[in-house]
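**Q** Input input_9.cif, format and content: mmCIF, C-alpha atoms.
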data_input
#
loop_
_atom_site.group_PDB
_atom_site.id
_atom_site.type_symbol
_atom_site.label_atom_id
_atom_site.label_comp_id
_atom_site.auth_asym_id
_atom_site.auth_seq_id
_atom_site.Cartn_x
_atom_site.Cartn_y
_atom_site.Cartn_z
ATOM 1 C CA MET A 1 0.000 0.000 0.000
ATOM 2 C CA THR A 2 2.970 2.349 -0.085
ATOM 3 C CA GLU A 3 2.997 3.087 -3.811
ATOM 4 C CA PHE A 4 1.253 6.236 -4.923
ATOM 5 C CA THR A 5 1.868 9.056 -7.375
ATOM 6 C CA VAL A 6 1.247 12.771 -6.916
ATOM 7 C CA ARG A 7 0.245 14.843 -9.942
ATOM 8 C CA ALA A 8 -1.818 17.804 -11.074
ATOM 9 C CA ALA A 9 -5.544 17.102 -11.141
ATOM 10 C CA ARG A 10 -7.429 16.714 -14.401
ATOM 11 C CA THR A 11 -11.107 17.225 -15.107
ATOM 12 C CA ALA A 12 -11.536 13.433 -15.091
ATOM 13 C CA ASP A 13 -10.517 13.525 -11.386
ATOM 14 C CA VAL A 14 -13.234 15.923 -10.232
ATOM 15 C CA ARG A 15 -15.819 13.286 -9.342
ATOM 16 C CA GLY A 16 -13.137 11.349 -7.480
ATOM 17 C CA ILE A 17 -12.219 14.504 -5.549
ATOM 18 C CA GLN A 18 -15.874 14.950 -4.651
ATOM 19 C CA ALA A 19 -16.029 11.303 -3.501
ATOM 20 C CA LEU A 20 -12.986 11.894 -1.243
ATOM 21 C CA LEU A 21 -14.630 15.038 0.124
ATOM 22 C CA GLU A 22 -18.081 13.626 0.820
ATOM 23 C CA PRO A 23 -17.317 11.543 3.967
ATOM 24 C CA TRP A 24 -15.667 14.604 5.533
ATOM 25 C CA VAL A 25 -18.703 16.727 4.685
ATOM 26 C CA GLN A 26 -20.930 14.088 6.311
ATOM 27 C CA ARG A 27 -18.729 14.232 9.437
ATOM 28 C CA ARG A 28 -19.011 18.040 9.321
ATOM 29 C CA VAL A 29 -15.240 18.420 9.192
ATOM 30 C CA LEU A 30 -15.154 20.068 5.756
ATOM 31 C CA LEU A 31 -17.700 22.152 3.897
ATOM 32 C CA GLY A 32 -19.239 20.588 0.826
ATOM 33 C CA LYS A 33 -18.439 21.906 -2.617
ATOM 34 C CA ASP A 34 -20.789 21.746 -5.564
ATOM 35 C CA LEU A 35 -19.516 19.762 -8.527
ATOM 36 C CA VAL A 36 -19.418 22.919 -10.658
ATOM 37 C CA VAL A 37 -17.148 24.626 -8.086
ATOM 38 C CA LEU A 38 -14.773 21.662 -8.170
ATOM 39 C CA PHE A 39 -14.660 21.772 -11.972
ATOM 40 C CA GLU A 40 -14.025 25.535 -11.890
ATOM 41 C CA SER A 41 -11.112 25.075 -9.507
ATOM 42 C CA VAL A 42 -9.635 21.816 -10.858
ATOM 43 C CA GLN A 43 -6.394 23.585 -11.836
ATOM 44 C CA GLN A 44 -5.810 24.366 -8.140
ATOM 45 C CA PHE A 45 -5.849 20.677 -7.180
ATOM 46 C CA THR A 46 -3.075 18.161 -6.776
ATOM 47 C CA VAL A 47 -4.092 14.525 -6.412
ATOM 48 C CA ALA A 48 -2.475 11.327 -5.210
ATOM 49 C CA GLU A 49 -3.408 8.060 -6.883
ATOM 50 C CA ASP A 50 -2.550 4.477 -6.040
ATOM 51 C CA ALA A 51 -0.979 1.976 -8.432
ATOM 52 C CA ASN A 52 -4.452 1.153 -9.795
ATOM 53 C CA GLY A 53 -5.208 4.803 -10.647
ATOM 54 C CA ARG A 54 -7.663 5.281 -7.750
ATOM 55 C CA LEU A 55 -7.551 8.682 -6.047
ATOM 56 C CA VAL A 56 -6.309 8.346 -2.474
ATOM 57 C CA GLY A 57 -5.784 12.006 -1.648
ATOM 58 C CA CYS A 58 -6.115 15.566 -2.854
ATOM 59 C CA GLY A 59 -5.352 19.129 -1.901
ATOM 60 C CA ALA A 60 -5.722 22.536 -3.476
ATOM 61 C CA LEU A 61 -3.664 25.717 -3.602
ATOM 62 C CA HIS A 62 -5.784 28.855 -3.740
ATOM 63 C CA VAL A 63 -4.026 32.172 -4.427
ATOM 64 C CA MET A 64 -5.327 34.914 -2.132
ATOM 65 C CA TRP A 65 -2.914 37.780 -2.750
ATOM 66 C CA ASP A 66 0.423 38.541 -4.415
ATOM 67 C CA ASP A 67 2.459 36.648 -1.792
ATOM 68 C CA LEU A 68 -0.266 34.681 -0.013
ATOM 69 C CA GLY A 69 -1.985 31.400 -0.781
ATOM 70 C CA GLU A 70 -4.103 28.873 1.045
ATOM 71 C CA ILE A 71 -3.847 25.105 1.211
ATOM 72 C CA ARG A 72 -7.421 23.873 1.216
ATOM 73 C CA THR A 73 -9.420 20.695 0.766
ATOM 74 C CA LEU A 74 -6.501 18.518 1.901
ATOM 75 C CA ILE A 75 -7.943 15.008 2.152
ATOM 76 C CA VAL A 76 -6.390 11.564 2.437
ATOM 77 C CA ALA A 77 -8.492 8.401 2.177
ATOM 78 C CA ASP A 78 -8.744 6.736 5.597
ATOM 79 C CA GLU A 79 -6.860 3.603 4.534
ATOM 80 C CA TRP A 80 -3.979 5.766 3.253
ATOM 81 C CA LEU A 81 -3.515 7.871 6.389
ATOM 82 C CA HIS A 82 0.047 7.756 7.807
ATOM 83 C CA HIS A 83 1.558 6.552 4.522
ATOM 84 C CA GLY A 84 3.047 9.904 3.431
ATOM 85 C CA VAL A 85 0.217 10.894 1.089
ATOM 86 C CA GLY A 86 -0.695 14.132 2.891
ATOM 87 C CA ARG A 87 2.958 15.134 3.209
ATOM 88 C CA ALA A 88 3.579 14.477 -0.501
ATOM 89 C CA ILE A 89 0.535 16.529 -1.504
ATOM 90 C CA VAL A 90 1.539 19.444 0.749
ATOM 91 C CA ASP A 91 5.105 19.286 -0.619
ATOM 92 C CA ARG A 92 3.761 19.553 -4.183
ATOM 93 C CA LEU A 93 1.403 22.397 -3.243
ATOM 94 C CA GLU A 94 4.350 24.246 -1.681
ATOM 95 C CA GLU A 95 6.366 23.740 -4.893
ATOM 96 C CA ASN A 96 3.428 25.156 -6.852
ATOM 97 C CA ALA A 97 3.206 28.096 -4.429
ATOM 98 C CA ARG A 98 6.894 28.898 -4.871
ATOM 99 C CA ALA A 99 6.564 28.667 -8.668
ATOM 100 C CA LEU A 100 3.759 31.248 -8.465
ATOM 101 C CA GLY A 101 5.898 33.573 -6.346
ATOM 102 C CA LEU A 102 4.001 33.069 -3.091
ATOM 103 C CA ARG A 103 5.916 33.439 0.165
ATOM 104 C CA ARG A 104 3.201 32.619 2.690
ATOM 105 C CA LEU A 105 0.729 29.761 2.936
ATOM 106 C CA PHE A 106 -2.349 29.769 5.136
ATOM 107 C CA CYS A 107 -4.413 26.807 6.265
ATOM 108 C CA LEU A 108 -7.440 26.371 8.480
ATOM 109 C CA THR A 109 -7.186 22.956 10.059
ATOM 110 C CA PHE A 110 -7.966 20.474 12.796
ATOM 111 C CA GLU A 111 -4.608 18.791 12.026
ATOM 112 C CA VAL A 112 -2.353 21.209 13.922
ATOM 113 C CA GLU A 113 0.362 18.620 14.601
ATOM 114 C CA PHE A 114 0.585 17.633 10.922
ATOM 115 C CA PHE A 115 0.964 21.234 9.738
ATOM 116 C CA SER A 116 3.269 22.229 12.619
ATOM 117 C CA ALA A 117 5.637 19.442 11.549
ATOM 118 C CA ARG A 118 5.737 21.108 8.119
ATOM 119 C CA GLY A 119 6.678 24.560 9.435
ATOM 120 C CA PHE A 120 3.231 26.115 9.853
ATOM 121 C CA GLU A 121 2.611 28.206 12.950
ATOM 122 C CA VAL A 122 -0.605 29.127 14.722
ATOM 123 C CA ILE A 123 -1.581 32.713 13.916
ATOM 124 C CA GLY A 124 -3.799 35.390 15.374
ATOM 125 C CA GLU A 125 -6.362 37.439 13.538
ATOM 126 C CA GLN A 126 -4.382 40.165 11.780
ATOM 127 C CA VAL A 127 -1.724 38.831 9.383
ATOM 128 C CA VAL A 128 -2.101 41.285 6.512
ATOM 129 C CA ASP A 129 -1.764 45.023 6.533
ATOM 130 C CA PRO A 130 -4.900 47.215 6.417
ATOM 131 C CA ASP A 131 -4.556 47.977 2.685
ATOM 132 C CA VAL A 132 -4.482 44.282 1.766
ATOM 133 C CA TYR A 133 -7.302 43.571 4.229
ATOM 134 C CA SER A 134 -9.467 46.206 2.530
ATOM 135 C CA GLN A 135 -8.957 44.396 -0.795
ATOM 136 C CA LEU A 136 -9.374 40.842 0.523
ATOM 137 C CA ILE A 137 -12.637 41.698 2.266
ATOM 138 C CA ARG A 138 -14.145 42.261 -1.204
ATOM 139 C CA SER A 139 -13.594 38.628 -2.194
ATOM 140 C CA PRO A 140 -16.707 36.437 -2.434
ATOM 141 C CA ASP A 141 -14.588 33.376 -1.579
ATOM 142 C CA GLU A 142 -15.520 31.735 1.748
ATOM 143 C CA GLY A 143 -11.904 30.645 2.293
ATOM 144 C CA VAL A 144 -10.763 34.263 2.167
ATOM 145 C CA ALA A 145 -13.482 35.143 4.688
ATOM 146 C CA GLU A 146 -12.195 32.331 6.912
ATOM 147 C CA PHE A 147 -8.638 33.647 6.558
ATOM 148 C CA LEU A 148 -9.833 37.103 7.594
ATOM 149 C CA ASP A 149 -11.762 35.484 10.471
ATOM 150 C CA LEU A 150 -14.971 37.317 9.524
ATOM 151 C CA ALA A 151 -17.954 36.845 11.829
ATOM 152 C CA HIS A 152 -20.279 35.313 9.203
ATOM 153 C CA VAL A 153 -17.973 32.298 8.712
ATOM 154 C CA LYS A 154 -17.317 31.638 12.409
ATOM 155 C CA PRO A 155 -19.759 28.668 12.458
ATOM 156 C CA ASN A 156 -17.639 27.078 9.663
ATOM 157 C CA THR A 157 -14.399 27.496 11.580
ATOM 158 C CA LEU A 158 -15.324 26.314 15.072
ATOM 159 C CA GLY A 159 -12.583 24.102 16.455
ATOM 160 C CA ASN A 160 -10.241 24.807 13.547
ATOM 161 C CA THR A 161 -6.865 26.435 13.968
ATOM 162 C CA ARG A 162 -5.587 29.175 11.675
ATOM 163 C CA MET A 163 -1.976 28.514 10.669
ATOM 164 C CA LEU A 164 0.595 30.192 8.431
ATOM 165 C CA LYS A 165 3.913 29.170 6.911
ATOM 166 C CA THR A 166 6.406 31.692 5.578
ATOM 167 C CA PHE A 167 9.169 30.587 3.215
ATOM 168 C CA GLY A 168 11.726 32.226 0.935
#
As structure tokens, what does this structure read like?
**A**
Amino acid sequence: MTEFTVRAARTADVRGIQALLEPWVQRRVLLGKDLVVLFESVQQFTVAEDANGRLVGCGALHVMWDDLGEIRTLIVADEWLHHGVGRAIVDRLEENARALGLRRLFCLTFEVEFFSARGFEVIGEQVVDPDVYSQLIRSPDEGVAEFLDLAHVKPNTLGNTRMLKTFG
């Protein structure tokens, strides 16, 4: 069970991504995403697949600002937990972030230990300057609202920890 490959997602993977997501939505750990939203954001996703081509993990990199991105929708199939899949996906997302010129990555997570081991640190509320904040607040994206810790998304973020990694 240790063989898997990490690659950029394709449109043919979208239903598999939704299938990975669904159990976590049912457990109320992650918010559901409509199929159309997943198709619209497929280029943000990295997937892991086993030797038989079955998706065993996914994660997305969402650009929020000129130097800031978010790792979101990081999921590993239960039977693949603790086999390096999550780490490999995060490593690829970080490579993608660097290639885009990002220097900071945000995540909102229950998995504090996992992200801490990868250099993420718990953050407070204000991590962007007021000018950037005034631009970000205009975004319709719920993830940006969660990053900004806006009141209307607080029910979505209960129990989650806001974390940030800065790299060169």
**Q** List the residues matched by the PyMOL selection byres ((chain A and resi 12) around 12) in the displayed structure as a PyMOL selection string, ordered by chain and then by residue number.
**A** chain A and resi 8-11+13-18+38-39+42-43+47+53-55
**Q** Which polymer residues have any atom within 12 Å of an atom of Arg92 in chain A, counting all atoms listed in the file, with same-chain residues fewer than 3 positions away left out, as a list in words?
**A**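 Contacts, in chain order: Thr5, Val6, Arg7, Ala8, Ala9, Gln44, Phe45, Thr46, Val47, Ala48, Cys58, Gly59, Ala60, Leu61, Ile71, Leu74, Val85, Gly86, Arg87, Ala88, Ile89, Glu95, Asn96, Ala97, Arg98 and Ala99 of chain A.
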**Q** Residues around (-3.1, 39.2, -2.9), cut-off 12 Å, counting only C-alpha atoms - what are they as a PyMOL selection string?
**A** chain A and resi 62-70+100-105+128-129+131-139+144
**Q** Just how far from CA of Phe114 in chain A is CA of Leu20 in chain A, in Å to one decimal?
**A**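 Taking CA of Leu20 in chain A and CA of Phe114 in chain A, their separation equals 19.1 Å.
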**Q** Check which residues of range 93-150 of chain A sit at most 12 Å from range 29-32 of chain A using all atoms listed in the file, and return one row each with the closest pair of atoms and their distance in Å to one decimal, ordered by chain and rising number, as JSON lines.
**A**
{"residue": "A:Leu108", "atom": "CA", "partner": "A:Leu30", "partner_atom": "CA", "distance": 10.3}
{"residue": "A:Thr109", "atom": "CA", "partner": "A:Val29", "partner_atom": "CA", "distance": 9.3}
{"residue": "A:Phe110", "atom": "CA", "partner": "A:Val29", "partner_atom": "CA", "distance": 8.4}
{"residue": "A:Glu111", "atom": "CA", "partner": "A:Val29", "partner_atom": "CA", "distance": 11.0}
{"residue": "A:Glu142", "atom": "CA", "partner": "A:Leu31", "partner_atom": "CA", "distance": 10.1}
{"residue": "A:Gly143", "atom": "CA", "partner": "A:Leu31", "partner_atom": "CA", "distance": 10.4}
{"residue": "A:Glu146", "atom": "CA", "partner": "A:Leu31", "partner_atom": "CA", "distance": 12.0}
**Q** As an exercise, work out the distance from CA of Ala51 in chain A to CA of Leu21 in chain A in Å and give it to one decimal place.
**A**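 CA of Leu21 in chain A lies 20.7 Å from CA of Ala51 in chain A.
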**Q** Can you measure CA of Ala77 in chain A to CA of Glu22 in chain A for me? One decimal in Å is fine.
**A** 11.0 Å
**Q** Could you tell me which of A:Phe120, A:Phe147, A:Phe115, A:Trp24 comes closest to Thr166 in chain A if we count only C-alpha atoms?
**A**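 That would be A:Phe120, the residue with the smallest distance to Thr166 in chain A.
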